$ cat target-v8.tsv   # TSV, C-alpha atoms
chain	number	residue	atom	x	y	z
A	22	MET	CA	-5.27	-144.30	29.94
A	23	ALA	CA	-9.05	-143.89	29.88
A	24	ALA	CA	-10.48	-141.48	32.44
A	25	SER	CA	-12.21	-143.16	35.37
A	26	TRP	CA	-13.85	-139.93	36.62
A	27	TRP	CA	-16.21	-138.07	34.28
A	28	LEU	CA	-17.82	-134.69	34.97
A	29	ILE	CA	-21.23	-134.26	33.33
A	30	VAL	CA	-22.57	-130.76	32.66
A	31	LEU	CA	-26.12	-130.50	31.34
A	32	SER	CA	-27.00	-127.40	29.31
A	33	TRP	CA	-30.35	-126.09	28.12
A	34	ASN	CA	-30.41	-122.51	26.85
A	35	GLY	CA	-27.89	-121.40	29.45
A	36	ARG	CA	-24.97	-120.49	27.21
A	37	GLU	CA	-23.10	-118.11	29.52
A	38	ASP	CA	-23.68	-120.23	32.62
A	39	THR	CA	-22.47	-123.32	30.78
A	40	LEU	CA	-19.32	-121.62	29.52
A	41	ALA	CA	-18.51	-120.27	33.00
A	42	CYS	CA	-19.02	-123.71	34.51
A	43	LEU	CA	-16.76	-125.37	31.92
A	44	ARG	CA	-14.07	-122.74	32.56
A	45	SER	CA	-14.13	-123.65	36.25
A	46	LEU	CA	-13.75	-127.33	35.35
A	47	ARG	CA	-10.92	-126.86	32.85
A	48	GLU	CA	-8.23	-126.94	35.53
A	49	LEU	CA	-9.77	-130.05	37.07
A	50	ARG	CA	-9.10	-132.16	34.00
A	51	GLY	CA	-6.26	-134.64	34.12
A	52	ALA	CA	-5.18	-138.08	33.03
A	53	ASP	CA	-7.95	-139.60	35.15
A	54	THR	CA	-10.67	-136.96	34.66
A	55	ALA	CA	-12.73	-136.04	31.59
A	56	ILE	CA	-15.70	-133.77	30.91
A	57	VAL	CA	-18.81	-134.21	28.81
A	58	CYS	CA	-21.26	-131.40	28.16
A	59	VAL	CA	-24.75	-132.58	27.23
A	60	ASP	CA	-26.95	-130.13	25.34
A	61	ASN	CA	-30.71	-130.58	25.63
A	62	GLY	CA	-31.67	-128.93	22.34
A	63	SER	CA	-30.57	-125.38	23.16
A	64	THR	CA	-31.52	-122.62	20.72
A	65	ASP	CA	-29.14	-119.98	22.10
A	66	GLY	CA	-25.97	-121.11	20.35
A	67	SER	CA	-24.68	-123.13	23.30
A	68	PRO	CA	-23.38	-126.14	21.31
A	69	ASN	CA	-21.31	-124.03	18.92
A	70	ALA	CA	-19.96	-121.94	21.78
A	71	VAL	CA	-18.88	-125.05	23.68
A	72	ARG	CA	-17.19	-126.49	20.58
A	73	GLU	CA	-15.33	-123.23	19.91
A	74	GLN	CA	-14.30	-122.32	23.45
A	75	HIS	CA	-13.88	-125.77	25.01
A	76	PRO	CA	-12.49	-128.22	22.45
A	77	GLU	CA	-11.19	-130.32	25.35
A	78	VAL	CA	-14.79	-131.17	26.32
A	79	ASP	CA	-16.83	-133.98	24.76
A	80	LEU	CA	-20.15	-132.64	23.46
A	81	VAL	CA	-23.33	-134.72	23.29
A	82	GLU	CA	-26.27	-133.07	21.50
A	83	ASN	CA	-29.66	-134.55	22.30
A	84	GLY	CA	-31.49	-132.34	19.82
A	85	ARG	CA	-34.43	-131.80	22.17
A	86	ASN	CA	-35.11	-131.21	25.84
A	87	LEU	CA	-34.95	-134.56	27.64
A	88	GLY	CA	-35.17	-132.96	31.07
A	89	PHE	CA	-32.66	-133.23	33.88
A	90	SER	CA	-33.03	-136.99	34.05
A	91	GLY	CA	-32.88	-137.82	30.35
A	92	GLY	CA	-30.17	-135.27	29.62
A	93	ASN	CA	-27.88	-136.45	32.39
A	94	ASN	CA	-28.56	-140.07	31.49
A	95	ALA	CA	-27.21	-139.37	28.00
A	96	GLY	CA	-24.03	-138.06	29.61
A	97	ILE	CA	-23.86	-141.03	31.95
A	98	ARG	CA	-24.09	-143.46	29.03
A	99	HIS	CA	-21.38	-141.55	27.19
A	100	ALA	CA	-19.09	-141.72	30.23
A	101	LEU	CA	-19.71	-145.37	31.06
A	102	GLU	CA	-19.06	-146.40	27.45
A	103	ARG	CA	-15.62	-144.78	27.84
A	104	GLY	CA	-14.70	-146.56	31.04
A	105	ALA	CA	-15.99	-144.24	33.76
A	106	GLN	CA	-15.94	-145.66	37.28
A	107	TRP	CA	-17.47	-142.50	38.76
A	108	VAL	CA	-19.67	-139.84	37.18
A	109	VAL	CA	-20.04	-136.38	38.72
A	110	LEU	CA	-23.18	-134.39	37.94
A	111	VAL	CA	-22.54	-130.64	37.91
A	112	ASN	CA	-25.26	-128.08	37.24
A	113	ASN	CA	-24.33	-125.68	34.48
A	114	ASP	CA	-25.00	-122.79	36.89
A	115	ALA	CA	-22.47	-124.16	39.39
A	116	VAL	CA	-18.75	-123.48	39.77
A	117	LEU	CA	-16.49	-126.00	41.51
A	118	ALA	CA	-13.68	-125.26	43.92
A	119	PRO	CA	-10.21	-126.10	42.50
A	120	ASP	CA	-9.75	-129.06	44.86
A	121	ALA	CA	-13.30	-130.43	44.58
A	122	MET	CA	-12.35	-133.49	42.52
A	123	GLU	CA	-9.42	-134.31	44.78
A	124	ARG	CA	-11.80	-134.26	47.76
A	125	LEU	CA	-14.29	-136.54	46.02
A	126	ARG	CA	-11.59	-139.03	45.10
A	127	ALA	CA	-10.35	-139.10	48.68
A	128	ALA	CA	-13.88	-139.73	49.96
A	129	ALA	CA	-14.38	-142.55	47.44
A	130	ARG	CA	-11.21	-144.23	48.69
A	131	ALA	CA	-12.15	-143.75	52.34
A	132	ARG	CA	-15.77	-144.93	51.98
A	133	PRO	CA	-15.85	-148.02	49.74
A	134	ALA	CA	-19.49	-148.62	50.72
A	135	ALA	CA	-20.53	-145.25	49.34
A	136	GLY	CA	-22.29	-145.32	45.99
A	137	MET	CA	-23.09	-141.60	46.10
A	138	LEU	CA	-21.03	-138.67	47.31
A	139	ALA	CA	-22.83	-135.41	48.03
A	140	GLY	CA	-20.76	-132.24	47.84
A	141	LYS	CA	-21.40	-129.05	49.81
A	142	LEU	CA	-23.02	-126.20	47.89
A	143	PHE	CA	-22.98	-122.50	48.64
A	144	PHE	CA	-25.09	-119.79	47.05
A	145	ASP	CA	-23.18	-117.87	44.42
A	146	GLU	CA	-24.46	-114.70	46.08
A	147	PRO	CA	-23.66	-114.29	48.88
A	148	PRO	CA	-20.90	-116.86	48.37
A	149	ASP	CA	-20.38	-117.54	52.08
A	150	ARG	CA	-23.95	-118.79	52.64
A	151	ILE	CA	-24.72	-122.50	52.52
A	152	TRP	CA	-27.32	-123.86	50.13
A	153	PHE	CA	-26.81	-127.59	50.84
A	154	ALA	CA	-24.88	-129.42	53.55
A	155	GLY	CA	-26.87	-132.64	53.58
A	156	GLN	CA	-30.61	-133.11	53.89
A	157	ARG	CA	-33.25	-135.30	55.48
A	158	PHE	CA	-36.19	-136.75	53.58
A	159	TRP	CA	-39.30	-138.24	55.17
A	160	PRO	CA	-41.23	-140.30	52.61
A	161	ALA	CA	-44.01	-140.83	55.14
A	162	LEU	CA	-44.85	-137.14	54.77
A	163	GLY	CA	-43.15	-136.22	51.51
A	164	TYR	CA	-41.34	-133.50	53.41
A	165	SER	CA	-37.69	-132.69	53.75
A	166	GLY	CA	-37.61	-129.04	54.72
A	167	ARG	CA	-34.69	-126.94	53.68
A	168	PRO	CA	-31.22	-128.48	53.36
A	169	ARG	CA	-29.03	-128.54	56.43
A	170	GLY	CA	-27.29	-125.21	56.92
A	171	TYR	CA	-29.48	-123.43	54.35
A	172	GLY	CA	-28.78	-119.69	54.34
A	173	ARG	CA	-26.24	-119.93	57.14
A	174	SER	CA	-22.54	-119.17	57.22
A	175	ASP	CA	-20.26	-122.18	57.24
A	176	ALA	CA	-19.49	-123.49	60.72
A	177	PRO	CA	-17.78	-126.52	62.31
A	178	ARG	CA	-21.07	-128.45	62.53
A	179	TYR	CA	-21.36	-128.32	58.72
A	180	ARG	CA	-17.81	-129.58	58.16
A	181	HIS	CA	-18.23	-133.17	59.35
A	182	PRO	CA	-18.55	-135.94	56.75
A	183	GLY	CA	-21.32	-138.42	57.29
A	184	PRO	CA	-24.40	-140.13	55.90
A	185	THR	CA	-27.18	-138.06	54.40
A	186	ASP	CA	-30.65	-139.11	53.27
A	187	ARG	CA	-30.16	-137.67	49.82
A	188	ALA	CA	-27.62	-136.08	47.50
A	189	VAL	CA	-28.52	-133.15	45.28
A	190	GLY	CA	-28.20	-133.25	41.49
A	191	ALA	CA	-26.44	-129.89	41.31
A	192	PHE	CA	-23.23	-131.53	42.55
A	193	MET	CA	-23.01	-135.24	43.27
A	194	ALA	CA	-20.77	-138.17	42.37
A	195	VAL	CA	-22.17	-141.62	41.59
A	196	SER	CA	-20.24	-144.86	41.20
A	197	ARG	CA	-20.44	-147.18	38.23
A	198	LYS	CA	-21.05	-150.04	40.66
A	199	LEU	CA	-24.22	-148.33	41.89
A	200	ILE	CA	-25.46	-147.51	38.38
A	201	ASP	CA	-24.85	-151.09	37.23
A	202	GLN	CA	-26.94	-152.34	40.15
A	203	ILE	CA	-29.86	-149.89	40.36
A	204	GLY	CA	-29.81	-148.02	37.05
A	205	ALA	CA	-29.52	-144.33	36.27
A	206	LEU	CA	-31.95	-141.45	36.86
A	207	ASP	CA	-35.63	-142.04	36.17
A	208	ASP	CA	-36.51	-140.47	32.79
A	209	GLU	CA	-40.22	-140.36	33.69
A	210	LEU	CA	-39.61	-137.83	36.48
A	211	PHE	CA	-38.02	-135.48	33.90
A	212	ALA	CA	-36.95	-132.79	36.41
A	213	TYR	CA	-37.04	-132.23	40.18
A	214	GLY	CA	-37.11	-135.07	42.69
A	215	GLU	CA	-35.13	-137.45	40.50
A	216	ASP	CA	-32.07	-137.07	42.73
A	217	VAL	CA	-34.20	-137.90	45.78
A	218	ASP	CA	-35.53	-141.03	44.06
A	219	TRP	CA	-32.00	-142.04	43.02
A	220	SER	CA	-30.69	-141.52	46.57
A	221	LEU	CA	-33.50	-143.60	48.06
A	222	ARG	CA	-32.88	-146.41	45.55
A	223	ALA	CA	-29.19	-146.32	46.42
A	224	ARG	CA	-29.83	-146.64	50.13
A	225	GLU	CA	-32.41	-149.39	49.62
A	226	ALA	CA	-29.76	-151.32	47.65
A	227	GLY	CA	-27.32	-151.08	50.56
A	228	PHE	CA	-25.11	-148.21	49.35
A	229	GLU	CA	-24.11	-145.25	51.48
A	230	VAL	CA	-25.05	-141.74	50.43
A	231	TRP	CA	-22.14	-139.81	51.96
A	232	PHE	CA	-21.81	-136.09	52.55
A	233	VAL	CA	-18.35	-134.72	51.65
A	234	PRO	CA	-18.15	-131.25	53.24
A	235	ASP	CA	-14.79	-130.27	51.75
A	236	ALA	CA	-15.91	-130.92	48.14
A	237	ILE	CA	-17.35	-127.48	47.47
A	238	ALA	CA	-19.28	-125.73	44.71
A	239	TRP	CA	-21.17	-122.45	44.35
A	240	HIS	CA	-24.64	-122.66	42.81
A	241	ARG	CA	-26.86	-119.97	41.25
A	242	VAL	CA	-29.95	-122.08	42.04
A	243	SER	CA	-32.47	-123.11	39.39
A	244	GLY	CA	-31.02	-120.91	36.69
A	245	SER	CA	-32.64	-122.90	33.89
A	246	THR	CA	-36.17	-122.52	35.26
A	247	GLY	CA	-36.16	-118.99	36.60
A	248	GLY	CA	-34.95	-119.26	40.16
A	249	GLU	CA	-35.72	-121.20	43.30
A	250	ARG	CA	-38.96	-119.40	44.13
A	251	ALA	CA	-40.09	-117.95	40.80
A	252	SER	CA	-40.70	-121.05	38.71
A	253	THR	CA	-44.02	-122.62	37.83
A	254	HIS	CA	-42.00	-125.59	36.57
A	255	ALA	CA	-40.50	-126.13	40.02
A	256	LEU	CA	-43.98	-126.21	41.56
A	257	TYR	CA	-45.48	-128.45	38.86
A	258	TYR	CA	-42.69	-131.04	38.93
A	259	GLY	CA	-42.25	-130.62	42.67
A	260	VAL	CA	-45.78	-131.65	43.67
A	261	ARG	CA	-46.06	-134.32	40.99
A	262	ASN	CA	-42.70	-135.98	41.60
A	263	THR	CA	-42.73	-135.69	45.40
A	264	ILE	CA	-45.98	-137.64	45.54
A	265	ALA	CA	-44.70	-140.18	43.01
A	266	VAL	CA	-41.38	-140.75	44.81
A	267	CYS	CA	-43.07	-141.17	48.20
A	268	GLU	CA	-45.57	-143.69	46.83
A	269	ARG	CA	-42.79	-145.69	45.17
A	270	HIS	CA	-40.61	-145.94	48.24
A	271	LEU	CA	-43.18	-146.02	51.04
A	272	PRO	CA	-46.57	-147.11	49.72
A	273	PHE	CA	-49.54	-146.55	52.01
A	274	PRO	CA	-52.99	-148.09	51.98
A	275	GLN	CA	-56.02	-145.89	51.54
A	276	PRO	CA	-56.94	-143.55	53.23
A	277	LEU	CA	-53.36	-142.80	54.40
A	278	LYS	CA	-52.25	-142.59	50.78
A	279	GLN	CA	-54.79	-139.86	50.11
A	280	LEU	CA	-53.97	-138.02	53.31
A	281	ARG	CA	-50.29	-137.87	52.32
A	282	ARG	CA	-51.22	-136.62	48.86
A	283	TRP	CA	-53.29	-133.83	50.42
A	284	PHE	CA	-50.48	-132.94	52.80
A	285	ILE	CA	-47.96	-132.64	49.95
A	286	LEU	CA	-50.48	-130.67	47.89
A	287	ALA	CA	-50.98	-128.28	50.82
A	288	ILE	CA	-47.22	-127.69	51.13
A	289	PHE	CA	-46.90	-126.65	47.50
A	290	LEU	CA	-50.09	-124.58	47.56
A	291	PHE	CA	-48.65	-122.71	50.54
A	292	GLN	CA	-45.46	-122.02	48.56
A	293	ALA	CA	-47.53	-120.63	45.69
A	294	LEU	CA	-49.68	-118.51	47.99
A	295	ALA	CA	-46.57	-117.12	49.71
A	296	LEU	CA	-45.64	-115.27	46.52
A	297	SER	CA	-46.36	-111.58	46.85
A	298	GLU	CA	-48.07	-111.18	43.46
A	299	GLY	CA	-48.99	-113.02	40.27
A	300	ARG	CA	-50.05	-116.15	42.11
A	301	ARG	CA	-52.49	-117.51	39.54
A	302	PRO	CA	-50.02	-119.34	37.23
A	303	PHE	CA	-48.21	-120.78	40.26
A	304	LEU	CA	-51.41	-122.11	41.77
A	305	ALA	CA	-52.34	-123.54	38.38
A	306	ALA	CA	-48.96	-125.28	38.16
A	307	VAL	CA	-49.57	-126.97	41.53
A	308	ARG	CA	-53.06	-128.00	40.43
A	309	ASP	CA	-51.76	-129.44	37.16
A	310	GLY	CA	-48.93	-131.33	38.85
A	311	TYR	CA	-51.33	-132.88	41.33
A	312	ARG	CA	-53.81	-133.76	38.60
A	313	ASP	CA	-51.10	-135.43	36.51
A	314	VAL	CA	-49.67	-137.59	39.29
A	315	VAL	CA	-53.16	-138.76	40.21
A	316	GLY	CA	-53.73	-139.56	36.53
A	317	GLY	CA	-50.38	-141.33	36.22
A	318	ARG	CA	-49.00	-138.85	33.66
A	319	PHE	CA	-45.24	-138.31	33.75
A	320	GLY	CA	-42.46	-137.08	31.48
A	321	GLU	CA	-42.25	-133.46	30.32
A	322	ARG	CA	-44.87	-131.01	31.54
A	323	PRO	CA	-47.55	-130.63	28.84
A	324	ARG	CA	-47.13	-127.40	26.94
A	325	SER	CA	-50.82	-126.62	27.41
A	326	SER	CA	-50.28	-126.34	31.17
A	327	ALA	CA	-46.88	-124.63	31.09
$ encode --input "target-v8.tsv" --output "structure tokens"
Amino acid sequence: MAASWWLIVLSWNGREDTLACLRSLRELRGADTAIVCVDNGSTDGSPNAVREQHPEVDLVENGRNLGFSGGNNAGIRHALERGAQWVVLVNNDAVLAPDAMERLRAAARARPAAGMLAGKLFFDEPPDRIWFAGQRFWPALGYSGRPRGYGRSDAPRYRHPGPTDRAVGAFMAVSRKLIDQIGALDDELFAYGEDVDWSLRAREAGFEVWFVPDAIAWHRVSGSTGGERASTHALYYGVRNTIAVCERHLPFPQPLKQLRRWFILAIFLFQALALSEGRRPFLAAVRDGYRDVVGGRFGERPRSSA
């Protein structure tokens, strides 16, 4: 019987993280669950290591970095061609709880209107602190704030299933029905914000985005780009894609459009200025991201600005 649930792990020069993630998924495999690892042109020996240590895993080699969107889309195509009814995106720096898939399946049965299921994520260190337990997103401002429960210990108020504005790409399940109707991730966004865009498209098409608090993973947070706060890539793609996603889903006339752009720019400039030292490349990343969205330039960040 073909697997109807496929786990997709995207890898880009994160050999040890990827292998640890696949080890955590090994016990989750079954007659109805399969795994595909997608390699985005790694140069650290990741593909060979996956082949040698995890022969049970399908391996897709893209040969170059297609970003989070393009890389995961390659895995999604691979899974759908093999009969997947649900795909589960799992960051390669995440580790799933042993019952995570069972919890997702139960939620899919209980919520037939849900096209996306958002799992709960904890930091890997300290492992009892929440990183994501649902999140709001306000396209009028391009602001979402931190995820619900961020940095807090788990508590009863974070254990209730319910709708959420967006799922997070580090650990989310998406139905074939939704993908057939609205498409996969947007390749143009490349990285950051693509899960927000996907969630908004899902909700606009009438699907629920449902938070599943007992489907749990632990996440090292932005391992491929240097950490949550120490990445010029996060700032570049963040300002560019936040503006783009807001303008797609809630277009404003001038001058409100420009005011929102300035507001989003100010948020990311503040993040860059909040760094204790070495601010110049971070400020430049924000400037370049803003310049590129205004100029309509998407895809991978130009090497000249990286």
$ residues_around --input "target-v8.tsv" --residues "stretch 150-156 of chain A" --least-positions-apart "4" --cutoff "6 Å" --atoms "only C-alpha atoms" --output "ChimeraX atom specification"
/A:141-144,168-174,185
$ write_last_selection --input "target-v8.tsv" --atoms "C-alpha atoms" --output "mmCIF file, in the coordinates of the input"
data_model
loop_
_atom_site.group_PDB
_atom_site.id
_atom_site.type_symbol
_atom_site.label_atom_id
_atom_site.label_comp_id
_atom_site.auth_asym_id
_atom_site.auth_seq_id
_atom_site.Cartn_x
_atom_site.Cartn_y
_atom_site.Cartn_z
ATOM 1 C CA LYS A 141 -21.400 -129.050 49.810
ATOM 2 C CA LEU A 142 -23.020 -126.200 47.890
ATOM 3 C CA PHE A 143 -22.980 -122.500 48.640
ATOM 4 C CA PHE A 144 -25.090 -119.790 47.050
ATOM 5 C CA PRO A 168 -31.220 -128.480 53.360
ATOM 6 C CA ARG A 169 -29.030 -128.540 56.430
ATOM 7 C CA GLY A 170 -27.290 -125.210 56.920
ATOM 8 C CA TYR A 171 -29.480 -123.430 54.350
ATOM 9 C CA GLY A 172 -28.780 -119.690 54.340
ATOM 10 C CA ARG A 173 -26.240 -119.930 57.140
ATOM 11 C CA SER A 174 -22.540 -119.170 57.220
ATOM 12 C CA THR A 185 -27.180 -138.060 54.400
#
$ residues_around --input "target-v8.tsv" --residues "A:Trp283" --least-positions-apart "3" --cutoff "12 Å" --atoms "all atoms listed in the file" --output "ChimeraX atom specification"
/A:162-163,260-261,263-264,276-280,286-290,307-308,311-312,315
$ residues_around --input "target-v8.tsv" --residues "A:Ser325" --least-positions-apart "3" --cutoff "12 Å" --atoms "only C-alpha atoms" --output "JSON, numbers by chain"
{"A": [305, 306, 309, 321, 322]}
$ closest_residue --input "target-v8.tsv" --among "A:Asp38, A:Glu225, A:Asp208, A:Asp149" --to "A:Gly92" --atoms "all atoms listed in the file"
A:Asp208
$ atom_distance --input "target-v8.tsv" --atom1 "atom CA of A:Ile200" --atom2 "atom CA of A:Gln106"
9.8 Å
$ closest_residue --input "target-v8.tsv" --among "A:Asp216, A:Asp201, A:Glu209, A:Glu82" --to "A:Ser67" --atoms "only C-alpha atoms"
A:Glu82
$ closest_residue --input "target-v8.tsv" --among "A:Glu229, A:Asp65, A:Glu37, A:Asp313" --to "A:Ala129" --atoms "only C-alpha atoms"
A:Glu229
$ atom_distance --input "target-v8.tsv" --atom1 "atom CA of A:Ala24" --atom2 "atom CA of A:Ala52"
6.3 Å
$ residues_around --input "target-v8.tsv" --residues "A:Met137" --least-positions-apart "3" --cutoff "7 Å" --atoms "only C-alpha atoms" --output "ChimeraX atom specification"
/A:193-196,229-231
$ write_last_selection --input "target-v8.tsv" --atoms "C-alpha atoms" --output "JSON list (two decimals), in the coordinates of the input"
[["chain", "number", "residue", "atom", "x", "y", "z"],
["A", 193, "MET", "CA", -23.01, -135.24, 43.27],
["A", 194, "ALA", "CA", -20.77, -138.17, 42.37],
["A", 195, "VAL", "CA", -22.17, -141.62, 41.59],
["A", 196, "SER", "CA", -20.24, -144.86, 41.20],
["A", 229, "GLU", "CA", -24.11, -145.25, 51.48],
["A", 230, "VAL", "CA", -25.05, -141.74, 50.43],
["A", 231, "TRP", "CA", -22.14, -139.81, 51.96]]
$ atom_distance --input "target-v8.tsv" --atom1 "atom CA of A:Gly214" --atom2 "atom CA of A:Phe89"
10.0 Å
